[in-house]
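K.L.:
Sending over a structure as structure tokens; questions will come in a sec.
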Amino acid sequence: MDEKQDLKTIQKEIHSLRSELNKIKDDREEWFKKKEALKKQIAELIVKIKGLKKHGDISTEEAKKLMAERDQYNTQVKKLIENISSLQKEKREFLEKYKIKHDPGILKKNIQKLEEKIETEALTIDTEKRLMQQIKRLKKYYDELSDVKAISDKITEMSKEIEETRKKADESHKKFKEAMKERKSGYKEFFNLSSQINVIKKQQEKAFEMFISLKNSFFNVSKQLQKKLSLVKKTNNERLNQEKLIEEKIIEEKTKDVEKKIKRGEKLTTEDLLVLQSNESIEEKTLDNKKDEFI
């Protein structure tokens, strides 16, 4: 009774260990899948970082190029301003030297205004003649100021060149600021992705630790289960051997009774014949076992 009770307890323990083993196995697989999924996420983020780095290198190169262009245009503007200053000084000196009261540029504007007035306004014949004579005198005077005019033309030309160069410098500066903004945005995204990778790496490490822990638990529980199964097997074998010995003892006793019947010349029953047959089987098995031992 005690032995049966012990066996029942062991079988319950085996059932419990098997359930525990299945749960550990499921949890282990779940953590392994999680670890692999996190590993994939990290790989994808690394690809993004590499793309950002490549794009960032291009942005940096472009920013350097634009900055160099901007500085070059600004240098040109500075040089042109210096040249205009020299020309204006030369012009003032020329006007003072020859006591010229009117600037060719102003004369030209006055001529253009008078011509526009004649074309657009309804004037009397006398007024128109008077204005035409005035334009003629101014043009003659304007032509006589050829040297001053040449200087003024150079100043005007340089002023236009300064304006165009400044526009180019401003455009380069604008593009430079955009490139720097994009670069800054790239750095921000880079640090954001790096931060994500660090967080996911910690999660991956935790998942791996859980996987290893469950793997070890699975091994330990498997060992316990094997011990319990071996114990049950051993117990069952001992019980079978015990039952076999009891059965052989019973057959041996019955065989003696049958042999006594034979000596007395009594008629054997079917049960008696079965007893003799069982005894022969036992003897054959015993002989076979002895042969195996001998061999």
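If you're wondering about the labels, chains in the structure tokens are A, B, ... by order shown, residues count from 1 in each chain, ligands from 1 in order shown.
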List as number ranges by chain the protein and nucleic acid residues near region 103-109 of chain A, meaning an atom at most 12 Å away when only C-alpha atoms are counted, but skip any in the same chain fewer than 4 places from it.
P.N.:
A: 88, 91-92, 94-96, 99, 113-116, 134-156
K.L.:
Keeping N, CA, C and O atoms, export the residues of the selection given above as a CSV table (one decimal), in the first residue's frame.
P.N.:
chain,number,residue,atom,x,y,z
A,88,GLN,N,35.9,107.0,-57.9
A,88,GLN,CA,35.2,108.1,-57.4
A,88,GLN,C,36.1,109.3,-57.0
A,88,GLN,O,35.9,110.5,-57.2
A,91,LYS,N,37.5,110.7,-60.1
A,91,LYS,CA,36.5,111.6,-60.8
A,91,LYS,C,36.4,112.9,-60.1
A,91,LYS,O,36.3,114.0,-60.7
A,92,ARG,N,36.4,112.9,-58.7
A,92,ARG,CA,36.3,114.2,-58.0
A,92,ARG,C,37.5,115.1,-58.3
A,92,ARG,O,37.4,116.3,-58.5
A,94,PHE,N,39.3,115.0,-61.0
A,94,PHE,CA,39.2,115.5,-62.4
A,94,PHE,C,38.3,116.7,-62.5
A,94,PHE,O,38.5,117.7,-63.1
A,95,LEU,N,37.1,116.6,-61.8
A,95,LEU,CA,36.1,117.7,-61.8
A,95,LEU,C,36.7,118.9,-61.2
A,95,LEU,O,36.4,120.0,-61.6
A,96,GLU,N,37.4,118.7,-60.1
A,96,GLU,CA,38.0,119.9,-59.4
A,96,GLU,C,39.1,120.5,-60.2
A,96,GLU,O,39.3,121.8,-60.3
A,99,LYS,N,37.5,122.3,-63.2
A,99,LYS,CA,36.4,123.1,-62.7
A,99,LYS,C,35.1,122.8,-63.4
A,99,LYS,O,34.4,123.7,-63.8
A,113,LYS,N,15.3,113.2,-69.2
A,113,LYS,CA,14.0,113.8,-68.7
A,113,LYS,C,13.4,114.8,-69.7
A,113,LYS,O,12.2,114.8,-69.9
A,114,LEU,N,14.3,115.7,-70.3
A,114,LEU,CA,13.8,116.6,-71.3
A,114,LEU,C,13.3,115.9,-72.5
A,114,LEU,O,12.2,116.3,-73.0
A,115,GLU,N,14.0,114.9,-72.9
A,115,GLU,CA,13.5,114.1,-74.1
A,115,GLU,C,12.2,113.5,-73.8
A,115,GLU,O,11.3,113.4,-74.7
A,116,GLU,N,12.0,112.9,-72.6
A,116,GLU,CA,10.8,112.3,-72.2
A,116,GLU,C,9.6,113.3,-72.2
A,116,GLU,O,8.5,113.0,-72.6
A,134,GLN,N,18.0,123.4,-75.7
A,134,GLN,CA,18.6,123.0,-74.4
A,134,GLN,C,19.2,121.6,-74.4
A,134,GLN,O,20.3,121.4,-73.9
A,135,ILE,N,18.5,120.7,-75.0
A,135,ILE,CA,19.0,119.3,-75.1
A,135,ILE,C,20.3,119.2,-75.9
A,135,ILE,O,21.3,118.5,-75.6
A,136,LYS,N,20.3,120.0,-77.0
A,136,LYS,CA,21.5,120.1,-77.9
A,136,LYS,C,22.7,120.6,-77.2
A,136,LYS,O,23.8,120.0,-77.3
A,137,ARG,N,22.5,121.7,-76.4
A,137,ARG,CA,23.6,122.2,-75.6
A,137,ARG,C,24.1,121.2,-74.5
A,137,ARG,O,25.3,121.1,-74.4
A,138,LEU,N,23.2,120.6,-73.9
A,138,LEU,CA,23.6,119.6,-72.8
A,138,LEU,C,24.3,118.4,-73.4
A,138,LEU,O,25.3,118.0,-72.8
A,139,LYS,N,23.8,118.0,-74.6
A,139,LYS,CA,24.5,116.8,-75.2
A,139,LYS,C,25.9,117.2,-75.7
A,139,LYS,O,26.8,116.4,-75.5
A,140,LYS,N,26.1,118.4,-76.2
A,140,LYS,CA,27.4,118.9,-76.6
A,140,LYS,C,28.3,119.0,-75.4
A,140,LYS,O,29.5,118.5,-75.4
A,141,TYR,N,27.8,119.5,-74.3
A,141,TYR,CA,28.6,119.6,-73.0
A,141,TYR,C,28.9,118.2,-72.5
A,141,TYR,O,30.0,117.9,-72.0
A,142,TYR,N,27.9,117.3,-72.6
A,142,TYR,CA,28.1,115.9,-72.2
A,142,TYR,C,29.2,115.2,-72.9
A,142,TYR,O,30.0,114.4,-72.4
A,143,ASP,N,29.2,115.4,-74.3
A,143,ASP,CA,30.2,114.8,-75.1
A,143,ASP,C,31.6,115.4,-74.8
A,143,ASP,O,32.6,114.6,-74.9
A,144,GLU,N,31.7,116.6,-74.4
A,144,GLU,CA,33.0,117.2,-74.0
A,144,GLU,C,33.5,116.6,-72.8
A,144,GLU,O,34.7,116.7,-72.5
A,145,LEU,N,32.7,116.0,-72.0
A,145,LEU,CA,33.1,115.4,-70.7
A,145,LEU,C,33.4,113.9,-70.9
A,145,LEU,O,33.0,113.1,-70.0
A,146,SER,N,34.0,113.6,-72.0
A,146,SER,CA,34.3,112.2,-72.3
A,146,SER,C,35.1,111.4,-71.2
A,146,SER,O,34.8,110.3,-70.9
A,147,ASP,N,36.1,112.1,-70.7
A,147,ASP,CA,37.0,111.5,-69.7
A,147,ASP,C,36.2,111.2,-68.4
A,147,ASP,O,36.3,110.1,-67.8
A,148,VAL,N,35.5,112.2,-68.0
A,148,VAL,CA,34.7,112.0,-66.8
A,148,VAL,C,33.6,111.0,-67.0
A,148,VAL,O,33.3,110.1,-66.2
A,149,LYS,N,33.0,111.0,-68.2
A,149,LYS,CA,32.0,110.1,-68.6
A,149,LYS,C,32.5,108.6,-68.6
A,149,LYS,O,31.9,107.7,-68.1
A,150,ALA,N,33.8,108.4,-69.1
A,150,ALA,CA,34.4,107.1,-69.1
A,150,ALA,C,34.5,106.6,-67.6
A,150,ALA,O,34.2,105.4,-67.3
A,151,ILE,N,34.9,107.5,-66.7
A,151,ILE,CA,35.1,107.1,-65.3
A,151,ILE,C,33.7,106.7,-64.7
A,151,ILE,O,33.5,105.7,-64.0
A,152,SER,N,32.7,107.6,-65.1
A,152,SER,CA,31.3,107.4,-64.6
A,152,SER,C,30.8,106.0,-65.1
A,152,SER,O,30.1,105.3,-64.3
A,153,ASP,N,31.0,105.7,-66.4
A,153,ASP,CA,30.6,104.5,-66.9
A,153,ASP,C,31.2,103.3,-66.2
A,153,ASP,O,30.5,102.3,-66.0
A,154,LYS,N,32.5,103.4,-65.9
A,154,LYS,CA,33.2,102.3,-65.2
A,154,LYS,C,32.5,102.1,-63.8
A,154,LYS,O,32.4,101.0,-63.3
A,155,ILE,N,32.2,103.3,-63.2
A,155,ILE,CA,31.6,103.2,-61.8
A,155,ILE,C,30.3,102.5,-61.9
A,155,ILE,O,29.9,101.7,-61.1
A,156,THR,N,29.5,102.9,-62.9
A,156,THR,CA,28.2,102.3,-63.1
A,156,THR,C,28.3,100.8,-63.4
A,156,THR,O,27.5,100.0,-62.9
K.L.:
Can you work out which one of A:Ser194, A:Leu231, A:Thr270, A:Ala207 has the shortest atom-to-atom distance to Glu36 (chain A), counting only C-alpha atoms?
P.N.:
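Checking each of A:Ser194, A:Leu231, A:Thr270, A:Ala207 against Glu36 (chain A), counting only C-alpha atoms, the winner is A:Ala207.
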K.L.:
Compare A:Ile251, A:Glu61, A:Lys167, A:Leu193 by their minimum atom-to-atom distance to Val47 (chain A), counting only C-alpha atoms, and give me the closest one.
P.N.:
A:Leu193
K.L.:
Applying 12 Å and only C-alpha atoms, which residues near Thr75 (chain A) remain after dropping the ones on its own chain fewer than 4 positions away? List them as a ChimeraX atom specification.
P.N.:
/A:68-71,79-82,162,165-166,168-169
K.L.:
Nearest residue to Ile14 (chain A) out of A:Ile246, A:Leu225, A:Phe211, A:Gly265, using only C-alpha atoms?
P.N.:
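So, comparing all the options, the nearest one is A:Leu225.
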K.L.:
Can you list every residue of region 219-276 of chain A that has an atom at most 9 Å from region 6-12 of chain A, with its nearest atom pair and the distance in Å to one decimal, using only C-alpha atoms, ordered by chain then number, as a Markdown table?
P.N.:
| residue | atom | partner | partner_atom | distance |
| --- | --- | --- | --- | --- |
| A:Lys228 | CA | A:Ile10 | CA | 6.7 |
| A:Leu229 | CA | A:Gln11 | CA | 8.5 |
| A:Leu231 | CA | A:Ile10 | CA | 8.4 |
| A:Val232 | CA | A:Leu7 | CA | 6.9 |
| A:Thr235 | CA | A:Leu7 | CA | 7.9 |
K.L.:
Which residues of region 174-243 of chain A come within 12 Å of region 21-34 of chain A, and for each one, what is the closest pair of atoms and their distance in Å to one decimal, counting only C-alpha atoms, sorted by chain and residue number, as a Markdown table?
P.N.:
| residue | atom | partner | partner_atom | distance |
| --- | --- | --- | --- | --- |
| A:Ile200 | CA | A:Lys34 | CA | 11.0 |
| A:Lys201 | CA | A:Lys34 | CA | 11.9 |
| A:Gln203 | CA | A:Lys34 | CA | 9.2 |
| A:Gln204 | CA | A:Lys34 | CA | 7.8 |
| A:Glu205 | CA | A:Lys34 | CA | 10.7 |
| A:Lys206 | CA | A:Trp31 | CA | 9.3 |
| A:Ala207 | CA | A:Trp31 | CA | 5.6 |
| A:Phe208 | CA | A:Phe32 | CA | 7.1 |
| A:Glu209 | CA | A:Trp31 | CA | 9.1 |
| A:Met210 | CA | A:Trp31 | CA | 6.7 |
| A:Phe211 | CA | A:Arg28 | CA | 5.3 |
| A:Ile212 | CA | A:Arg28 | CA | 8.1 |
| A:Ser213 | CA | A:Arg28 | CA | 8.5 |
| A:Leu214 | CA | A:Arg28 | CA | 5.5 |
| A:Lys215 | CA | A:Arg28 | CA | 6.6 |
| A:Asn216 | CA | A:Ile24 | CA | 9.9 |
| A:Ser217 | CA | A:Ile24 | CA | 7.4 |
| A:Phe218 | CA | A:Leu21 | CA | 6.1 |
| A:Phe219 | CA | A:Leu21 | CA | 9.1 |
| A:Asn220 | CA | A:Leu21 | CA | 9.6 |
| A:Val221 | CA | A:Leu21 | CA | 6.5 |
| A:Ser222 | CA | A:Leu21 | CA | 7.1 |
| A:Lys223 | CA | A:Leu21 | CA | 10.6 |
| A:Gln224 | CA | A:Leu21 | CA | 10.3 |
| A:Leu225 | CA | A:Leu21 | CA | 8.9 |
| A:Gln226 | CA | A:Leu21 | CA | 11.8 |
